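Below is one structure, written out as structure tokens; comments come after it.
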Amino acid sequence: QLQLAESGGGWVQPGGSLRLSCEASGFSKGYYAIGWFRQAPGKEREGVSCISNNGGFTNYVPSVAGRFTISRDNAKNTVYLQMNNLKPEDTAEYYCAAVPDWPSTSCPPELFEYEYWGQGTQVTVSS
């Protein structure tokens with residue numbers, strides 16, 4: 001059973017930066033795509049970014065493109081989300097999710113494609 005654990009959330013002023021981590025454990029070696037999602041109070045969970053199993057393909061929603069960078073270190077079973085120039089509208093609970101055996105040339109943007117989810121980490125951007 002694949003397990004995911006997010007870390008790195010916290011409070012930051014507008015314009016600041018945070019790096020989220022998503023560490024995977026409890027699985028036999030295989031290939032899985034990872035997505036980052038977020039959910040603000042009173043809103044639906046939305047996709048932020050995703051990365052293919054080998055890191056060769058990444059995707060971002062327009063609202064974070066140019067500010068967020070997703071990357072992975074498969075030797076450490078960890079995916080990162082570097083978030084720069086944070087804005088108050090980025091405030092949300094951030095979740096990572098995984099889907100095994102996804103083609104290495106892409107990653108699924110849709111929430112329903114992901115099978116395993118972490119517990120989330122809170123990001124608050126305010127002055």
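Note on naming: chains are A, B, ... as they come in the structure tokens, residues start from 1 per chain, ligands start from 1 in the order shown.
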List as an mmCIF file with all heavy atoms, in the first residue's frame the protein and nucleic acid residues near Gly66 (chain A), meaning an atom at most 12 Å away when only C-alpha atoms are counted, but skip any in the same chain fewer than 6 places from it.
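Everything below was put into result_4.cif:
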data_model
loop_
_atom_site.group_PDB
_atom_site.id
_atom_site.type_symbol
_atom_site.label_atom_id
_atom_site.label_comp_id
_atom_site.auth_asym_id
_atom_site.auth_seq_id
_atom_site.Cartn_x
_atom_site.Cartn_y
_atom_site.Cartn_z
ATOM 1 N N SER A 49 -0.409 21.065 -9.911
ATOM 2 C CA SER A 49 0.705 20.652 -10.759
ATOM 3 C C SER A 49 0.807 19.144 -10.712
ATOM 4 O O SER A 49 0.294 18.495 -9.799
ATOM 5 C CB SER A 49 2.009 21.284 -10.245
ATOM 6 O OG SER A 49 3.110 20.899 -11.046
ATOM 7 N N ASN A 59 3.305 19.586 -15.500
ATOM 8 C CA ASN A 59 2.175 20.396 -15.918
ATOM 9 C C ASN A 59 1.762 21.304 -14.766
ATOM 10 O O ASN A 59 1.895 20.919 -13.588
ATOM 11 C CB ASN A 59 1.005 19.496 -16.327
ATOM 12 C CG ASN A 59 -0.056 20.241 -17.106
ATOM 13 O OD1 ASN A 59 0.238 21.219 -17.792
ATOM 14 N ND2 ASN A 59 -1.288 19.789 -17.008
ATOM 15 N N TYR A 60 1.273 22.495 -15.105
ATOM 16 C CA TYR A 60 0.868 23.477 -14.090
ATOM 17 C C TYR A 60 -0.448 24.123 -14.506
ATOM 18 O O TYR A 60 -0.690 24.347 -15.687
ATOM 19 C CB TYR A 60 1.920 24.579 -13.950
ATOM 20 C CG TYR A 60 3.294 24.091 -13.594
ATOM 21 C CD1 TYR A 60 4.211 23.748 -14.580
ATOM 22 C CD2 TYR A 60 3.693 23.966 -12.254
ATOM 23 C CE1 TYR A 60 5.476 23.287 -14.266
ATOM 24 C CE2 TYR A 60 4.956 23.515 -11.930
ATOM 25 C CZ TYR A 60 5.837 23.179 -12.939
ATOM 26 O OH TYR A 60 7.089 22.720 -12.604
ATOM 27 N N GLN A 82 8.180 23.633 -5.244
ATOM 28 C CA GLN A 82 8.764 24.914 -4.866
ATOM 29 C C GLN A 82 7.786 26.019 -5.241
ATOM 30 O O GLN A 82 7.410 26.141 -6.409
ATOM 31 C CB GLN A 82 10.100 25.118 -5.594
ATOM 32 C CG GLN A 82 10.759 26.460 -5.319
ATOM 33 C CD GLN A 82 11.216 26.598 -3.869
ATOM 34 O OE1 GLN A 82 11.767 25.669 -3.290
ATOM 35 N NE2 GLN A 82 10.981 27.765 -3.282
ATOM 36 N N MET A 83 7.389 26.791 -4.253
ATOM 37 C CA MET A 83 6.388 27.839 -4.476
ATOM 38 C C MET A 83 7.013 29.187 -4.191
ATOM 39 O O MET A 83 7.411 29.460 -3.051
ATOM 40 C CB MET A 83 5.176 27.599 -3.566
ATOM 41 C CG MET A 83 4.575 26.206 -3.704
ATOM 42 S SD MET A 83 3.042 25.995 -2.769
ATOM 43 C CE MET A 83 3.654 26.206 -1.104
ATOM 44 N N ASN A 84 7.128 30.002 -5.216
ATOM 45 C CA ASN A 84 7.709 31.340 -5.092
ATOM 46 C C ASN A 84 6.657 32.403 -5.357
ATOM 47 O O ASN A 84 5.610 32.123 -5.939
ATOM 48 C CB ASN A 84 8.859 31.501 -6.085
ATOM 49 C CG ASN A 84 9.998 30.537 -5.828
ATOM 50 O OD1 ASN A 84 10.263 30.145 -4.682
ATOM 51 N ND2 ASN A 84 10.691 30.142 -6.882
ATOM 52 N N ASN A 85 6.957 33.616 -4.921
ATOM 53 C CA ASN A 85 6.043 34.747 -5.131
ATOM 54 C C ASN A 85 4.619 34.374 -4.716
ATOM 55 O O ASN A 85 3.661 34.573 -5.472
ATOM 56 C CB ASN A 85 6.082 35.200 -6.588
ATOM 57 C CG ASN A 85 5.356 36.518 -6.812
ATOM 58 O OD1 ASN A 85 5.172 37.305 -5.886
ATOM 59 N ND2 ASN A 85 4.921 36.749 -8.036
ATOM 60 N N LEU A 86 4.498 33.851 -3.526
ATOM 61 C CA LEU A 86 3.194 33.386 -3.060
ATOM 62 C C LEU A 86 2.221 34.539 -2.873
ATOM 63 O O LEU A 86 2.619 35.664 -2.501
ATOM 64 C CB LEU A 86 3.348 32.615 -1.759
ATOM 65 C CG LEU A 86 3.861 31.186 -1.951
ATOM 66 C CD1 LEU A 86 4.454 30.637 -0.654
ATOM 67 C CD2 LEU A 86 2.748 30.282 -2.442
#
### Residue neighbourhood Ala92 (chain A), 8 Å, only C-alpha atoms, exclusion window fewer than 2 positions, as a ChimeraX atom specification
/A:38-41,90,94,122-124
Output of the above residues as a PDB file, in the first residue's frame, restricted to N, CA, C and O atoms:
ATOM      1  N   ARG A  38      -4.853  21.401  -4.146  1.00  0.00           N
ATOM      2  CA  ARG A  38      -5.082  22.259  -3.003  1.00  0.00           C
ATOM      3  C   ARG A  38      -6.573  22.501  -2.831  1.00  0.00           C
ATOM      4  O   ARG A  38      -7.355  22.430  -3.787  1.00  0.00           O
ATOM      5  N   GLN A  39      -6.929  22.784  -1.587  1.00  0.00           N
ATOM      6  CA  GLN A  39      -8.321  23.042  -1.273  1.00  0.00           C
ATOM      7  C   GLN A  39      -8.395  24.166  -0.267  1.00  0.00           C
ATOM      8  O   GLN A  39      -7.897  24.037   0.856  1.00  0.00           O
ATOM      9  N   ALA A  40      -9.027  25.262  -0.682  1.00  0.00           N
ATOM     10  CA  ALA A  40      -9.247  26.401   0.200  1.00  0.00           C
ATOM     11  C   ALA A  40     -10.588  26.228   0.898  1.00  0.00           C
ATOM     12  O   ALA A  40     -11.476  25.525   0.390  1.00  0.00           O
ATOM     13  N   PRO A  41     -10.778  26.857   2.049  1.00  0.00           N
ATOM     14  CA  PRO A  41     -12.046  26.728   2.770  1.00  0.00           C
ATOM     15  C   PRO A  41     -13.228  27.117   1.885  1.00  0.00           C
ATOM     16  O   PRO A  41     -13.217  28.163   1.233  1.00  0.00           O
ATOM     17  N   ASP A  90      -3.183  31.765  -2.790  1.00  0.00           N
ATOM     18  CA  ASP A  90      -2.563  30.447  -2.722  1.00  0.00           C
ATOM     19  C   ASP A  90      -2.837  29.752  -1.391  1.00  0.00           C
ATOM     20  O   ASP A  90      -2.492  28.574  -1.202  1.00  0.00           O
ATOM     21  N   TYR A  94      -2.733  21.807   1.058  1.00  0.00           N
ATOM     22  CA  TYR A  94      -2.102  21.213  -0.121  1.00  0.00           C
ATOM     23  C   TYR A  94      -1.942  19.714   0.083  1.00  0.00           C
ATOM     24  O   TYR A  94      -1.463  19.271   1.124  1.00  0.00           O
ATOM     25  N   GLN A 122      -0.903  22.572   5.468  1.00  0.00           N
ATOM     26  CA  GLN A 122      -1.540  23.884   5.328  1.00  0.00           C
ATOM     27  C   GLN A 122      -0.528  24.940   4.884  1.00  0.00           C
ATOM     28  O   GLN A 122       0.571  25.030   5.436  1.00  0.00           O
ATOM     29  N   VAL A 123      -0.934  25.729   3.908  1.00  0.00           N
ATOM     30  CA  VAL A 123      -0.154  26.884   3.456  1.00  0.00           C
ATOM     31  C   VAL A 123      -1.012  28.122   3.656  1.00  0.00           C
ATOM     32  O   VAL A 123      -2.146  28.188   3.154  1.00  0.00           O
ATOM     33  N   THR A 124      -0.486  29.089   4.389  1.00  0.00           N
ATOM     34  CA  THR A 124      -1.195  30.340   4.644  1.00  0.00           C
ATOM     35  C   THR A 124      -0.320  31.499   4.191  1.00  0.00           C
ATOM     36  O   THR A 124       0.820  31.623   4.630  1.00  0.00           O
TER      37      THR A 124
END
### Task
May I ask which of the residues A:Gly35, A:Gly42, A:Pro88, A:Gly26 is the closest one to Thr58 (chain A), counting only C-alpha atoms?
A:Gly35
### Query
Given the choices A:Ala65, A:Ala97, A:Val79, A:Val48, which gets closest to Arg19 (chain A) if the distance is worked out from only C-alpha atoms?
A:Val79
### Message
Using DSSP assignments from the backbone, pull out every residue in region 9-123 of chain A that falls under strand (DSSP E or B) and give it to me as a PyMOL selection string.
### Response
chain A and resi 10-12+18-25+32-39+46-51+58-60+68-73+78-83+92-100+116-117+121-123
### Query
By how many Å are CA of Arg45 (chain A) and CA of Pro108 (chain A) apart?
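Between CA of Arg45 (chain A) and CA of Pro108 (chain A) the gap works out to 15.0 Å.
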### Message
Counting only C-alpha atoms, which residue out of A:Gly8, A:Pro103, A:Gly55, A:Pro14 sits closest to Thr91 (chain A)?
### Response
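With only C-alpha atoms as the atom set, the closest residue is A:Pro14.
Each of A:Trp11, A:Ser104, A:Asn54, A:Leu111 was checked against Thr78 (chain A) using only C-alpha atoms; the smallest atom-to-atom distance is that of A:Asn54.
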#### Entry: d(CA of Gln3 (chain A), CA of Glu23 (chain A)) in Å
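One can read the CA of Gln3 (chain A) to CA of Glu23 (chain A) distance as 8.1 Å.
One finds CA of Val99 (chain A) at 11.9 Å from CA of Gln1 (chain A).
Comparing the minimum interatomic distances between Thr105 (chain A) and each of A:Asn53, A:Ser127, A:Gln119, A:Asn74, counting only C-alpha atoms, we find that A:Asn53 sits nearest.
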#### Entry: Distance query Tyr95 (chain A) at most 7 Å, only C-alpha atoms, self and fewer than 6 positions along chain excluded, as a ChimeraX atom specification
/A:6,36-38,118-121
Using C-alpha atoms, can you write the selected residues to a file as a tab-separated table (two decimals), in the first residue's frame?
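Output (again.tsv):
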chain	number	residue	atom	x	y	z
A	6	GLU	CA	3.36	15.96	2.89
A	36	TRP	CA	-0.27	18.35	-6.15
A	37	PHE	CA	-3.75	19.60	-5.32
A	38	ARG	CA	-5.08	22.26	-3.00
A	118	GLY	CA	-1.61	12.22	1.61
A	119	GLN	CA	-3.11	13.94	4.64
A	120	GLY	CA	-2.28	17.45	3.52
A	121	THR	CA	-0.20	20.39	4.71
